[in-house]
$ cat query_29.cif   # mmCIF, C-alpha atoms
data_upload
#
loop_
_atom_site.label_atom_id
_atom_site.label_comp_id
_atom_site.auth_asym_id
_atom_site.auth_seq_id
_atom_site.Cartn_x
_atom_site.Cartn_y
_atom_site.Cartn_z
CA MET A 28 112.23 125.60 110.41
CA ILE A 29 108.66 124.37 110.87
CA ILE A 30 105.92 125.47 108.50
CA ILE A 31 102.37 125.82 109.81
CA VAL A 32 99.53 125.78 107.31
CA ASP A 33 96.28 127.25 108.58
CA ASP A 34 93.53 129.32 106.98
CA CYS A 35 92.70 131.10 110.24
CA ASP A 36 95.86 132.94 111.22
CA ALA A 37 98.87 130.70 110.78
CA LEU A 38 101.34 133.20 112.21
CA GLU A 39 99.17 133.72 115.27
CA ARG A 40 98.90 129.93 115.59
CA ALA A 41 102.70 129.68 115.56
CA ASP A 42 102.92 132.26 118.34
CA THR A 43 100.24 130.47 120.37
CA LEU A 44 102.06 127.15 120.11
CA GLY A 45 105.23 128.81 121.40
CA PHE A 46 107.79 127.88 118.76
CA GLY A 47 109.51 131.24 119.13
CA ARG A 48 110.08 130.71 122.87
CA GLU A 49 112.02 127.55 122.00
CA GLY A 50 114.15 129.33 119.41
CA ILE A 51 112.59 127.41 116.54
CA SER A 52 111.84 129.42 113.44
CA THR A 53 108.38 129.04 111.97
CA GLU A 54 106.49 130.35 108.99
CA GLY A 55 102.72 130.46 108.81
CA LEU A 56 101.07 130.19 105.42
CA ALA A 57 97.49 130.11 104.23
CA ALA A 58 96.62 126.91 102.37
CA SER A 59 96.48 128.54 98.93
CA ASP A 60 99.87 130.23 99.39
CA PHE A 61 101.45 127.08 100.77
CA LYS A 62 100.15 124.93 97.92
CA GLU A 63 101.88 127.15 95.39
CA TRP A 64 105.07 127.41 97.43
CA VAL A 65 105.55 123.69 98.11
CA ARG A 66 105.18 122.87 94.42
CA THR A 67 107.74 125.44 93.26
CA ALA A 68 110.17 125.91 96.17
CA PRO A 69 113.85 125.25 95.37
CA GLU A 70 115.41 122.18 96.96
CA PRO A 71 117.58 124.20 99.42
CA GLU A 72 114.45 125.84 100.83
CA LEU A 73 112.69 122.53 101.30
CA ALA A 74 115.80 121.07 102.92
CA ALA A 75 115.58 123.75 105.63
CA VAL A 76 112.09 122.59 106.70
CA GLU A 77 112.10 120.19 109.65
CA ALA A 78 108.36 119.47 109.61
CA PHE A 79 104.95 120.63 108.40
CA VAL A 80 102.02 121.16 110.76
CA LEU A 81 98.58 121.25 109.14
CA GLY A 82 95.98 123.28 110.99
CA GLN A 83 92.39 123.80 109.93
CA PHE A 84 91.57 124.45 106.27
CA ASP A 85 89.50 122.95 103.48
CA ASP A 86 90.84 119.96 101.53
CA ARG A 87 93.78 119.44 103.89
CA ARG A 88 93.57 115.67 103.27
CA PHE A 89 95.06 116.29 99.83
CA PHE A 90 98.09 118.14 101.16
CA PRO A 91 100.21 115.27 102.60
CA LYS A 92 100.55 113.74 99.14
CA ILE A 93 101.59 117.08 97.64
CA ILE A 94 104.18 117.60 100.39
CA LYS A 95 105.62 114.08 100.18
CA GLN A 96 106.17 114.43 96.45
CA ARG A 97 108.83 117.06 97.28
CA THR A 98 110.26 116.21 100.71
CA HIS A 99 110.55 113.50 103.38
CA ALA A 100 110.00 115.96 106.26
CA PRO A 101 107.33 114.80 108.76
CA VAL A 102 103.76 115.96 108.22
CA LEU A 103 101.59 116.39 111.32
CA ALA A 104 97.95 117.45 111.55
CA LEU A 105 96.07 119.12 114.39
CA ASN A 106 92.63 117.69 115.19
CA GLY A 107 90.66 120.28 117.13
CA GLY A 108 87.43 118.31 117.09
CA ARG A 109 89.18 115.19 118.38
CA SER A 110 86.91 113.16 116.12
CA LEU A 111 87.98 109.55 115.67
CA GLN A 112 86.77 109.53 112.05
CA GLU A 113 88.70 112.72 111.31
CA THR A 114 91.83 111.19 112.85
CA LEU A 115 91.44 108.03 110.76
CA ASP A 116 90.85 110.06 107.60
CA LEU A 117 93.97 112.14 108.26
CA PHE A 118 96.12 109.05 108.73
CA ALA A 119 94.65 107.59 105.55
CA SER A 120 95.60 110.77 103.70
CA GLY A 121 99.27 110.20 104.53
CA VAL A 122 100.03 112.35 107.58
CA ASP A 123 102.68 110.94 109.88
CA ASP A 124 100.89 111.85 113.10
CA VAL A 125 97.70 113.49 114.39
CA ILE A 126 97.80 115.67 117.49
CA ALA A 127 94.85 116.82 119.59
CA ASP A 128 94.39 120.58 119.45
CA PRO A 129 95.17 122.53 121.62
CA THR A 130 98.57 121.01 122.28
CA HIS A 131 101.97 121.98 123.66
CA ILE A 132 105.08 122.81 121.67
CA HIS A 133 107.08 120.13 123.51
CA GLU A 134 104.62 117.46 122.42
CA ILE A 135 104.93 118.56 118.79
CA LEU A 136 108.73 118.50 118.98
CA ALA A 137 108.74 115.09 120.67
CA ARG A 138 106.46 113.64 117.99
CA ILE A 139 108.60 115.07 115.19
CA LYS A 140 111.68 113.46 116.70
CA ALA A 141 109.83 110.15 117.16
CA ILE A 142 108.79 110.15 113.50
CA LYS A 143 112.38 110.80 112.42
CA ARG A 144 113.70 108.05 114.70
CA ARG A 145 111.25 105.55 113.25
CA ALA A 146 112.37 106.56 109.78
CA GLY A 147 115.98 106.07 110.84
CA SER A 148 116.88 109.67 110.05
CA GLU A 149 117.51 110.90 113.59
CA PRO A 150 118.71 109.17 116.76
CA ALA A 151 117.55 110.10 120.27
CA GLY A 152 120.53 112.44 120.45
CA GLU A 153 123.10 113.33 117.81
CA VAL A 154 126.77 113.11 118.69
CA SER A 155 129.85 114.72 117.22
CA GLY A 156 132.87 113.81 119.33
CA GLN A 157 132.35 115.38 122.74
CA ILE A 158 129.22 117.25 121.65
CA LEU A 159 125.73 115.78 122.14
CA VAL A 160 122.66 117.71 120.95
CA PHE A 161 118.98 116.81 121.35
CA GLY A 162 116.90 119.08 119.10
CA ASP A 163 113.99 119.25 121.54
CA GLY A 164 114.81 122.41 123.46
CA ARG A 165 117.34 120.90 125.86
CA ASP A 166 120.81 122.36 126.17
CA PRO A 167 123.56 120.30 124.55
CA GLU A 168 126.14 118.32 126.48
CA VAL A 169 129.71 119.34 125.73
CA GLY A 170 132.61 117.48 127.28
CA GLY A 171 130.18 115.38 129.30
CA GLU A 172 128.43 118.35 130.96
CA PRO A 173 125.40 120.45 129.95
CA LEU A 174 126.32 123.73 128.27
CA HIS A 175 123.71 126.46 128.47
CA LEU A 176 123.42 128.28 125.15
CA PRO A 177 121.17 131.09 123.95
CA ARG A 178 118.51 129.55 121.75
CA ARG A 179 119.92 130.77 118.41
CA GLU A 180 123.39 129.44 119.23
CA ARG A 181 121.85 126.15 120.35
CA ARG A 182 120.00 125.80 117.06
CA ILE A 183 123.15 126.58 115.07
CA LEU A 184 125.08 123.91 116.98
CA GLU A 185 122.29 121.40 116.36
CA TYR A 186 122.43 122.17 112.64
CA LEU A 187 126.21 121.83 112.50
CA VAL A 188 126.07 118.50 114.34
CA SER A 189 123.35 117.19 112.02
CA ASN A 190 125.65 118.08 109.09
CA LYS A 191 128.89 116.99 110.74
CA GLY A 192 131.68 116.45 108.25
CA ARG A 193 129.90 118.57 105.63
CA ARG A 194 130.42 122.25 105.00
CA VAL A 195 127.30 124.40 105.22
CA THR A 196 126.91 127.97 104.05
CA LYS A 197 125.89 130.99 106.07
CA GLY A 198 122.66 131.10 104.05
CA GLN A 199 121.78 127.49 104.89
CA ILE A 200 122.32 128.15 108.59
CA PHE A 201 120.27 131.34 108.40
CA ASN A 202 117.35 129.55 106.74
CA PHE A 203 117.41 126.85 109.41
CA VAL A 204 117.57 129.24 112.35
CA TYR A 205 115.49 132.19 111.16
CA GLY A 206 113.29 130.73 108.45
CA LEU A 207 112.99 131.21 104.74
CA PHE A 208 111.01 134.42 104.72
CA SER A 209 112.85 136.57 107.28
CA GLU A 210 113.57 139.45 104.92
CA ASP A 211 113.72 141.96 107.79
CA ILE A 212 116.76 140.22 109.36
CA ASP A 213 120.26 140.54 107.92
CA GLU A 214 121.84 137.20 107.08
CA ASN A 215 125.14 138.46 108.52
CA VAL A 216 123.70 138.07 112.04
CA ILE A 217 124.79 134.42 111.73
CA GLU A 218 128.44 135.48 111.86
CA SER A 219 127.90 137.11 115.26
CA HIS A 220 126.07 134.05 116.64
CA ILE A 221 128.78 131.68 115.43
CA SER A 222 131.55 133.87 116.85
CA LYS A 223 129.94 133.69 120.31
CA LEU A 224 129.28 129.96 119.95
CA ARG A 225 132.91 129.30 119.06
CA LYS A 226 134.11 131.14 122.15
CA ARG A 227 131.84 129.06 124.41
CA LEU A 228 132.95 125.80 122.80
CA ARG A 229 136.61 126.80 122.94
CA HIS A 230 136.26 127.60 126.64
CA ARG A 231 134.69 124.20 127.36
CA LEU A 232 136.78 122.02 125.01
CA GLY A 233 140.06 123.87 124.96
CA HIS A 234 139.94 124.24 121.19
CA ASP A 235 137.66 125.51 118.44
CA PRO A 236 135.79 122.63 116.71
CA ILE A 237 134.21 124.86 114.04
CA ASP A 238 136.19 125.23 110.83
CA SER A 239 135.27 128.21 108.66
CA GLN A 240 136.37 129.22 105.20
CA ARG A 241 135.37 132.44 103.57
CA TYR A 242 132.76 132.01 100.82
CA LEU A 243 132.57 128.25 101.53
CA GLY A 244 130.93 128.22 104.94
CA TYR A 245 131.29 126.30 108.18
CA ARG A 246 132.01 122.72 109.18
CA LEU A 247 131.98 121.05 112.60
CA ASN A 248 134.98 118.81 113.08
CA ASP A 249 134.84 115.80 115.39
CA CYS A 250 136.36 116.77 118.70
#
$ encode --input "query_29.cif" --output "structure tokens"
Amino acid sequence: MIIIVDDCDALERADTLGFGREGISTEGLAASDFKEWVRTAPEPELAAVEAFVLGQFDDRRFFPKIIKQRTHAPVLALNGGRSLQETLDLFASGVDDVIADPTHIHEILARIKAIKRRAGSEPAGEVSGQILVFGDGRDPEVGGEPLHLPRRERRILEYLVSNKGRRVTKGQIFNFVYGLFSEDIDENVIESHISKLRKRLRHRLGHDPIDSQRYLGYRLNDC
């Protein structure tokens, strides 16, 4: 999930950037609401956040420090005025990257991945046996060939690969795919997505690489 902080209309900004079209869950928060949330959010919620995008609001130069006290997720800022001094001030405040506004969703995703690669937390593509995922909107490669997946199933597979060897709960997957504040969506929808994903993987690989245990969650085995 990517959180967008903006005092104009953060949710509208998320729609404009096109995160939903890429199957990436977003949450838009006003600066005052975000400041309270990031200071008090439980660790599992913070762990579901892939990056923070700071839009336009007062005192945003103080926010990178607040964020980095709780999480190592990348912090990016949008610079609508394209002012050199503003860009320098944002970097000095601790943001990981500054992006000219307006921008394209693919540029934001590419910069997030580049930041993670530099930090050593994410390679160009993540591999689990015969499965290669990219995390930038591209379909995964399974058994050496691209496998087209609906966007929710693709995001679930990316999450399982990033946690390969570890068991993750249905709630953790839900937070990653749908966001932390999707109260209007039933968490059990994850079971349907995973059932369909398993069928596609079984058809391609000849076996089911996803191990599930009731009440404990799911784990992707090397295949």
$ residues_around --input "query_29.cif" --residues "range 76-88 of chain A" --least-positions-apart "6" --cutoff "9 Å" --atoms "all atoms listed in the file" --output "PDB file with C-alpha atoms, in the coordinates of the input"
ATOM      1  CA  MET A  28     112.230 125.600 110.410  1.00  0.00           C
ATOM      2  CA  ILE A  29     108.660 124.370 110.870  1.00  0.00           C
ATOM      3  CA  ILE A  30     105.920 125.470 108.500  1.00  0.00           C
ATOM      4  CA  ILE A  31     102.370 125.820 109.810  1.00  0.00           C
ATOM      5  CA  VAL A  32      99.530 125.780 107.310  1.00  0.00           C
ATOM      6  CA  ASP A  33      96.280 127.250 108.580  1.00  0.00           C
ATOM      7  CA  ASP A  34      93.530 129.320 106.980  1.00  0.00           C
ATOM      8  CA  CYS A  35      92.700 131.100 110.240  1.00  0.00           C
ATOM      9  CA  ALA A  37      98.870 130.700 110.780  1.00  0.00           C
ATOM     10  CA  ARG A  40      98.900 129.930 115.590  1.00  0.00           C
ATOM     11  CA  ALA A  57      97.490 130.110 104.230  1.00  0.00           C
ATOM     12  CA  ALA A  58      96.620 126.910 102.370  1.00  0.00           C
ATOM     13  CA  ILE A  94     104.180 117.600 100.390  1.00  0.00           C
ATOM     14  CA  THR A  98     110.260 116.210 100.710  1.00  0.00           C
ATOM     15  CA  HIS A  99     110.550 113.500 103.380  1.00  0.00           C
ATOM     16  CA  ALA A 100     110.000 115.960 106.260  1.00  0.00           C
ATOM     17  CA  PRO A 101     107.330 114.800 108.760  1.00  0.00           C
ATOM     18  CA  VAL A 102     103.760 115.960 108.220  1.00  0.00           C
ATOM     19  CA  LEU A 103     101.590 116.390 111.320  1.00  0.00           C
ATOM     20  CA  ALA A 104      97.950 117.450 111.550  1.00  0.00           C
ATOM     21  CA  LEU A 105      96.070 119.120 114.390  1.00  0.00           C
ATOM     22  CA  ASN A 106      92.630 117.690 115.190  1.00  0.00           C
ATOM     23  CA  GLY A 107      90.660 120.280 117.130  1.00  0.00           C
ATOM     24  CA  ASP A 116      90.850 110.060 107.600  1.00  0.00           C
ATOM     25  CA  LEU A 117      93.970 112.140 108.260  1.00  0.00           C
ATOM     26  CA  PHE A 118      96.120 109.050 108.730  1.00  0.00           C
ATOM     27  CA  ALA A 119      94.650 107.590 105.550  1.00  0.00           C
ATOM     28  CA  SER A 120      95.600 110.770 103.700  1.00  0.00           C
ATOM     29  CA  GLY A 121      99.270 110.200 104.530  1.00  0.00           C
ATOM     30  CA  VAL A 122     100.030 112.350 107.580  1.00  0.00           C
ATOM     31  CA  ILE A 135     104.930 118.560 118.790  1.00  0.00           C
ATOM     32  CA  ILE A 139     108.600 115.070 115.190  1.00  0.00           C
ATOM     33  CA  ASN A 202     117.350 129.550 106.740  1.00  0.00           C
ATOM     34  CA  PHE A 203     117.410 126.850 109.410  1.00  0.00           C
ATOM     35  CA  GLY A 206     113.290 130.730 108.450  1.00  0.00           C
ATOM     36  CA  LEU A 207     112.990 131.210 104.740  1.00  0.00           C
TER      37      LEU A 207
END
$ residues_around --input "query_29.cif" --residues "Gln199 in chain A" --least-positions-apart "4" --cutoff "8 Å" --atoms "all atoms listed in the file" --output "VMD selection string"
chain A and resid 71 75 195 203
$ resolve_selection --input "query_29.cif" --expression "the PyMOL selection byres ((chain A and resi 155-170) around 8)" --output "list in words"
Glu49, His133, Leu136, Ala137, Lys140, Ala151, Gly152, Glu153, Val154, Gly171, Glu172, Pro173, Leu174, His175, Leu176, Arg181, Arg182, Leu184, Glu185, Val188, Lys191, Leu228, Arg231, Leu232, Asn248, Asp249 and Cys250 of chain A
$ closest_atom_pairs --input "query_29.cif" --of "range 31-147 of chain A" --to "range 209-227 of chain A" --cutoff "10 Å" --atoms "all atoms listed in the file" --output "tab-separated table"
residue	atom	partner	partner_atom	distance
A:Ser52	CA	A:Ser209	CA	9.5
A:Thr53	CA	A:Ser209	CA	9.9
A:Glu54	CA	A:Ser209	CA	9.1
$ atom_distance --input "query_29.cif" --atom1 "CA of Gly233 in chain A" --atom2 "CA of Gly198 in chain A"
28.1 Å
$ atom_distance --input "query_29.cif" --atom1 "CA of Pro91 in chain A" --atom2 "CA of Ala141 in chain A"
18.2 Å
$ resolve_selection --input "query_29.cif" --expression "the PyMOL selection byres ((chain A and resi 236) around 6)" --output "MDAnalysis selection string"
chainID A and resid 235 237 247:248
$ atom_distance --input "query_29.cif" --atom1 "CA of Leu115 in chain A" --atom2 "CA of Trp64 in chain A"
27.2 Å
$ closest_residue --input "query_29.cif" --among "A:Gly108, A:Leu73, A:Lys62, A:His234" --to "Phe89 in chain A" --atoms "all atoms listed in the file"
A:Lys62
$ closest_residue --input "query_29.cif" --among "A:Ile200, A:Leu243, A:Leu111, A:Ile132" --to "Glu180 in chain A" --atoms "all atoms listed in the file"
A:Ile200
